Amino acid sequence: MCFRVAMLSLHTSPLAELGRTRNAGGMNAYVQGLARELGRGGISVDIFTRRADAAAPPIQPLAEQVRLIHIPAGPAVTLPPDELSPYVADFTHRVARFAERSAYRYDLVHSHYWLSGVAGLSLAAAWDVPHITMYHTVERLKWQRQDPDDMSDTARRRIEQERRIAQHADRLTVSTEQEAEQLRRLYGLPASQLRVIPCGVDLRRFTPGTCAQRAAARAALAPDGRPLLLFVGRLDPIKGIDLLLESVARMRTPARLVVIGGNPPGDAEVDRLRARARALGLGERVSFPGAVAPRDLPCYYRAADALAITSRYESFGLVAVEALACGTPVVAAHVGGLPTIVRHGENGMLVRRRCPDAFAEQFDALLEDSALRARLSSAARPSVMRFDWPRIGDRMRTVYQELTAEQRGVAACSCF
Ligand code: UDP
């Protein structure tokens, strides 16, 4: 007997180019990584996403036991998440029809982000199967430090729906204890409804490489031999790239900064950041090569003296794990899930004060002390072995097992 999961990623495809736009990053990487891992473990996964490209095939095999199903709902173009709620009902209906026509019986619904969560509630009820969901970001938490009077109708609708999902989903997974606690408080959820499972990273792809590989990567990115800081991510205001530029401008060390992400040439945000760097007098010291495919990222991580994360918030922070897996220390803001990954003075530095001087001080401290860099670097990879996909996949399978056992009121399904 085969266990079959309907995984919902309505608003963005796991195959979207990561970091190229503001809407494709950690969640896309997570959905794809998790599905592949579950597939390797013998669970069949169909990932349902809204068709955003008319040329996308209806069914696309992704990996062993994993398929991506493009569901036509709304126009076949990429739309920002805020514009997608009118299409959720149609998406849900078409997923149900797909299942009906192909005579598949899904054993569980696993939804990602609130739009998929809404679809997940209906599908799980219709199929009478458990529903597990992950918000990835929680709208209510975003508004904790902002004036609720400024809230848009879309934000209000999302908050309402996220509350409904919390009330009805069988399990909510979060990537950190801190987020679990926040959700417990926010919705009055029992601990039994929440599971903390960190995000996974492919530790076979993200490796420190050989000394020769590191030297070659470094020579390519910093041929003048200057110290090198790296940023990797979506070019979104939440990532605090302006603060990063200001911090670099205040450093004693004339370091180089490479900002990975965005879609130059012609990307207005890259142009704006480049102009800001020039205005700060950083000129040629900052480069913006655009988004880089995951397979090529290890070279960038290996080349850098440190990965810089100056985000206002990170629910987890996959790039921190990836850099550490490549043996590169991380200097990160003490926000969200980052303190669960970065340990101050052990594998990187954490910065509590949100100001350029505080970041500049830590960047200088690291770049001026080669013994410290070597110590943090050698502790980096061992500190993230717990995020290896096979371990994370096991934990998710255990939750699936719990849910199906609860559903049937019997011992867990033998196919796990
Ligand atoms: N990423 C990438 N290429 C880029 C920029 C980002 O592959 O040019 C990937 C990065 O490696 C990571 C993900 O996008 O896997 C970003 O995840 P993270 O949790 O750091 O940030 P989020 O997007 O969730 O805010």
# chains A, B, ... in the order shown; residues from 1 in each chain; ligands from 1
>>> select_by_dssp(residues="segment 137-320 of chain A", states="alpha helix (DSSP H)", output="JSON, numbers by chain")
{"A": [139, 140, 141, 142, 153, 154, 155, 156, 157, 158, 159, 160, 161, 162, 163, 164, 165, 166, 167, 168, 177, 178, 179, 180, 181, 182, 183, 184, 185, 186, 187, 211, 212, 213, 214, 215, 216, 217, 218, 219, 220, 221, 241, 242, 243, 244, 245, 246, 247, 248, 249, 268, 269, 270, 271, 272, 273, 274, 275, 276, 277, 278, 279, 297, 298, 299, 300, 301, 302, 303, 318, 319, 320]}
>>> residues_around(residues="Arg36 of chain A", least_positions_apart="3", cutoff="9 Å", atoms="only C-alpha atoms", output="MDAnalysis selection string")
chainID A and resid 31:33 39:41 45 62:66
>>> residues_near_ligand(ligand="ligand 1", cutoff="6 Å", atoms="only C-alpha atoms and all ligand atoms", output="ChimeraX atom specification")
/A:18-19,25-27,29,232-234,260-261,291-294,316-319
>>> write_last_selection(atoms="C-alpha atoms", output="short mmCIF file (atom, residue, chain, number, x, y, z; two decimals), in the first residue's frame")
data_model
loop_
_atom_site.label_atom_id
_atom_site.label_comp_id
_atom_site.auth_asym_id
_atom_site.auth_seq_id
_atom_site.Cartn_x
_atom_site.Cartn_y
_atom_site.Cartn_z
CA LEU A 18 14.85 31.36 -5.89
CA GLY A 19 15.78 34.92 -5.02
CA GLY A 25 12.74 31.98 -1.59
CA GLY A 26 12.78 29.80 1.50
CA MET A 27 9.29 28.36 1.20
CA ALA A 29 13.15 25.55 -1.37
CA VAL A 232 22.01 35.91 -0.21
CA GLY A 233 18.24 36.29 -0.45
CA ARG A 234 15.18 37.93 -1.88
CA ILE A 260 23.08 37.79 -4.37
CA GLY A 261 19.42 38.09 -5.39
CA ALA A 291 20.05 35.61 -8.26
CA VAL A 292 22.24 32.51 -8.29
CA ALA A 293 20.91 28.97 -8.74
CA PRO A 294 21.19 26.76 -5.63
CA PHE A 316 13.94 30.60 10.13
CA GLY A 317 16.79 31.70 7.85
CA LEU A 318 17.82 28.92 5.47
CA VAL A 319 20.76 30.92 4.13
#
>>> closest_residue(among="A:Ile43, A:Val330, A:Ala325, A:Leu403", to="Leu203 of chain A", atoms="only C-alpha atoms")
A:Ala325
>>> closest_residue(among="A:Ala304, A:Gln362, A:Tyr187, A:Thr310", to="Arg250 of chain A", atoms="only C-alpha atoms")
A:Gln362
>>> atom_distance(atom1="atom CA of Pro208 of chain A", atom2="atom CA of Pro298 of chain A")
7.8 Å
>>> residues_around(residues="Val5 of chain A", least_positions_apart="5", cutoff="10 Å", atoms="only C-alpha atoms", output="list of chain:residue names")
A:Ala35, A:Leu38, A:Gly39, A:Ile43, A:Ser44, A:Val45, A:Asp46, A:Ile47, A:Val66, A:Arg105, A:Tyr106, A:Asp107, A:Leu108, A:Val109, A:His110, A:Tyr400
>>> atom_distance(atom1="atom CA of Pro14 of chain A", atom2="atom CA of Gln193 of chain A")
26.2 Å
>>> select_by_dssp(residues="segment 241-390 of chain A", states="strand (DSSP E or B)", output="VMD selection string")
chain A and resid 256 to 260 286 to 290 306 to 309 330 to 333 344 348 to 351 388
>>> residues_around(residues="segment 154-161 of chain A", least_positions_apart="2", cutoff="12 Å", atoms="only C-alpha atoms", output="MDAnalysis selection string")
chainID A and resid 81:86 113:121 135 137:143 148:152 163:169 186:187
>>> residues_around(residues="Arg94 of chain A", least_positions_apart="2", cutoff="8 Å", atoms="only C-alpha atoms", output="PyMOL selection string")
chain A and resi 71-73+90-92+96-98
>>> write_last_selection(atoms="N, CA, C and O atoms", output="compact mmCIF listing (two decimals), in the first residue's frame")
# COMPACT_ATOMS: atom_id res chain seq x y z
N ILE A 71 -2.27 23.60 -11.56
CA ILE A 71 -3.74 23.73 -11.57
C ILE A 71 -4.13 25.09 -12.16
O ILE A 71 -3.74 26.13 -11.61
N PRO A 72 -4.88 25.08 -13.28
CA PRO A 72 -5.30 26.37 -13.82
C PRO A 72 -6.37 27.01 -12.92
O PRO A 72 -7.41 26.42 -12.70
N ALA A 73 -6.07 28.16 -12.38
CA ALA A 73 -7.04 28.91 -11.55
C ALA A 73 -6.60 30.37 -11.64
O ALA A 73 -5.55 30.72 -11.13
N ASP A 90 -11.63 28.25 -6.72
CA ASP A 90 -11.51 27.54 -8.00
C ASP A 90 -10.35 26.53 -7.93
O ASP A 90 -10.47 25.39 -8.39
N PHE A 91 -9.25 26.95 -7.36
CA PHE A 91 -8.09 26.07 -7.20
C PHE A 91 -8.50 24.81 -6.42
O PHE A 91 -8.23 23.68 -6.83
N THR A 92 -9.20 25.04 -5.32
CA THR A 92 -9.61 23.92 -4.45
C THR A 92 -10.49 22.94 -5.23
O THR A 92 -10.28 21.72 -5.20
N ALA A 96 -9.73 18.99 -6.29
CA ALA A 96 -10.66 17.90 -5.95
C ALA A 96 -11.03 17.13 -7.22
O ALA A 96 -11.07 15.89 -7.22
N ARG A 97 -11.27 17.87 -8.31
CA ARG A 97 -11.64 17.21 -9.56
C ARG A 97 -10.49 16.37 -10.12
O ARG A 97 -10.69 15.28 -10.62
N PHE A 98 -9.28 16.88 -9.98
CA PHE A 98 -8.10 16.14 -10.43
C PHE A 98 -8.05 14.79 -9.70
O PHE A 98 -7.84 13.73 -10.31
>>> residues_around(residues="Pro289 of chain A", least_positions_apart="6", cutoff="9 Å", atoms="only C-alpha atoms", output="ChimeraX atom specification")
/A:258-264
>>> residues_around(residues="segment 170-173 of chain A", least_positions_apart="5", cutoff="6 Å", atoms="only C-alpha atoms", output="PDB file with all heavy atoms, in the first residue's frame")
ATOM      1  N   HIS A 131      -5.180  17.116   8.131  1.00  0.00           N
ATOM      2  CA  HIS A 131      -4.627  18.307   7.468  1.00  0.00           C
ATOM      3  C   HIS A 131      -3.504  18.864   8.342  1.00  0.00           C
ATOM      4  O   HIS A 131      -3.704  19.182   9.507  1.00  0.00           O
ATOM      5  CB  HIS A 131      -5.738  19.358   7.311  1.00  0.00           C
ATOM      6  CG  HIS A 131      -5.268  20.645   6.711  1.00  0.00           C
ATOM      7  ND1 HIS A 131      -5.886  21.847   6.949  1.00  0.00           N
ATOM      8  CD2 HIS A 131      -4.234  20.933   5.865  1.00  0.00           C
ATOM      9  CE1 HIS A 131      -5.270  22.821   6.289  1.00  0.00           C
ATOM     10  NE2 HIS A 131      -4.263  22.286   5.631  1.00  0.00           N
ATOM     11  N   ILE A 132      -2.322  18.958   7.747  1.00  0.00           N
ATOM     12  CA  ILE A 132      -1.177  19.536   8.464  1.00  0.00           C
ATOM     13  C   ILE A 132      -0.782  20.790   7.683  1.00  0.00           C
ATOM     14  O   ILE A 132      -0.811  20.797   6.454  1.00  0.00           O
ATOM     15  CB  ILE A 132      -0.038  18.494   8.587  1.00  0.00           C
ATOM     16  CG1 ILE A 132       1.198  19.107   9.209  1.00  0.00           C
ATOM     17  CG2 ILE A 132       0.329  17.867   7.307  1.00  0.00           C
ATOM     18  CD1 ILE A 132       2.230  18.045   9.589  1.00  0.00           C
ATOM     19  N   THR A 133      -0.466  21.843   8.404  1.00  0.00           N
ATOM     20  CA  THR A 133      -0.207  23.100   7.713  1.00  0.00           C
ATOM     21  C   THR A 133       1.001  23.819   8.293  1.00  0.00           C
ATOM     22  O   THR A 133       1.386  23.576   9.439  1.00  0.00           O
ATOM     23  CB  THR A 133      -1.465  24.007   7.781  1.00  0.00           C
ATOM     24  OG1 THR A 133      -1.317  25.090   6.861  1.00  0.00           O
ATOM     25  CG2 THR A 133      -1.680  24.589   9.164  1.00  0.00           C
ATOM     26  N   MET A 134       1.596  24.677   7.479  1.00  0.00           N
ATOM     27  CA  MET A 134       2.696  25.518   7.957  1.00  0.00           C
ATOM     28  C   MET A 134       2.449  26.919   7.395  1.00  0.00           C
ATOM     29  O   MET A 134       2.267  27.080   6.189  1.00  0.00           O
ATOM     30  CB  MET A 134       4.032  24.965   7.455  1.00  0.00           C
ATOM     31  CG  MET A 134       5.229  25.712   7.981  1.00  0.00           C
ATOM     32  SD  MET A 134       6.740  24.765   7.644  1.00  0.00           S
ATOM     33  CE  MET A 134       7.965  25.798   8.448  1.00  0.00           C
ATOM     34  N   GLN A 193      -1.232  20.356  19.334  1.00  0.00           N
ATOM     35  CA  GLN A 193      -1.565  20.672  17.933  1.00  0.00           C
ATOM     36  C   GLN A 193      -0.346  21.209  17.172  1.00  0.00           C
ATOM     37  O   GLN A 193      -0.362  21.310  15.948  1.00  0.00           O
ATOM     38  CB  GLN A 193      -2.693  21.721  17.909  1.00  0.00           C
ATOM     39  CG  GLN A 193      -3.465  21.769  16.613  1.00  0.00           C
ATOM     40  CD  GLN A 193      -4.494  22.904  16.617  1.00  0.00           C
ATOM     41  OE1 GLN A 193      -4.810  23.461  17.666  1.00  0.00           O
ATOM     42  NE2 GLN A 193      -4.996  23.261  15.463  1.00  0.00           N
ATOM     43  N   LEU A 194       0.707  21.544  17.922  1.00  0.00           N
ATOM     44  CA  LEU A 194       1.883  22.157  17.301  1.00  0.00           C
ATOM     45  C   LEU A 194       3.061  21.190  17.273  1.00  0.00           C
ATOM     46  O   LEU A 194       3.264  20.427  18.213  1.00  0.00           O
ATOM     47  CB  LEU A 194       2.302  23.390  18.110  1.00  0.00           C
ATOM     48  CG  LEU A 194       1.431  24.628  17.906  1.00  0.00           C
ATOM     49  CD1 LEU A 194       1.529  25.534  19.111  1.00  0.00           C
ATOM     50  CD2 LEU A 194       1.875  25.359  16.648  1.00  0.00           C
ATOM     51  N   ARG A 195       3.834  21.250  16.211  1.00  0.00           N
ATOM     52  CA  ARG A 195       5.066  20.471  16.150  1.00  0.00           C
ATOM     53  C   ARG A 195       6.188  21.379  15.658  1.00  0.00           C
ATOM     54  O   ARG A 195       6.025  22.080  14.665  1.00  0.00           O
ATOM     55  CB  ARG A 195       4.937  19.292  15.176  1.00  0.00           C
ATOM     56  CG  ARG A 195       4.062  18.166  15.662  1.00  0.00           C
ATOM     57  CD  ARG A 195       4.683  17.402  16.850  1.00  0.00           C
ATOM     58  NE  ARG A 195       3.772  16.414  17.370  1.00  0.00           N
ATOM     59  CZ  ARG A 195       2.781  16.658  18.234  1.00  0.00           C
ATOM     60  NH1 ARG A 195       2.605  17.877  18.697  1.00  0.00           N
ATOM     61  NH2 ARG A 195       1.990  15.694  18.646  1.00  0.00           N
ATOM     62  N   VAL A 196       7.306  21.340  16.374  1.00  0.00           N
ATOM     63  CA  VAL A 196       8.460  22.136  15.946  1.00  0.00           C
ATOM     64  C   VAL A 196       9.371  21.248  15.099  1.00  0.00           C
ATOM     65  O   VAL A 196       9.919  20.258  15.601  1.00  0.00           O
ATOM     66  CB  VAL A 196       9.241  22.679  17.164  1.00  0.00           C
ATOM     67  CG1 VAL A 196      10.438  23.497  16.704  1.00  0.00           C
ATOM     68  CG2 VAL A 196       8.325  23.520  18.052  1.00  0.00           C
TER      69      VAL A 196
END
>>> closest_residue(among="A:Glu100, A:Glu17, A:Asp202, A:Asp147", to="Trp389 of chain A", atoms="only C-alpha atoms")
A:Asp202
>>> closest_residue(among="A:His112, A:Arg256, A:Arg50, A:His334", to="His136 of chain A", atoms="only C-alpha atoms")
A:His112
>>> atom_distance(atom1="atom CA of Val95 of chain A", atom2="atom CA of Arg67 of chain A")
13.7 Å
>>> closest_residue(among="A:Asp305, A:Asp369, A:Glu269, A:Glu177", to="Leu221 of chain A", atoms="only C-alpha atoms")
A:Asp305
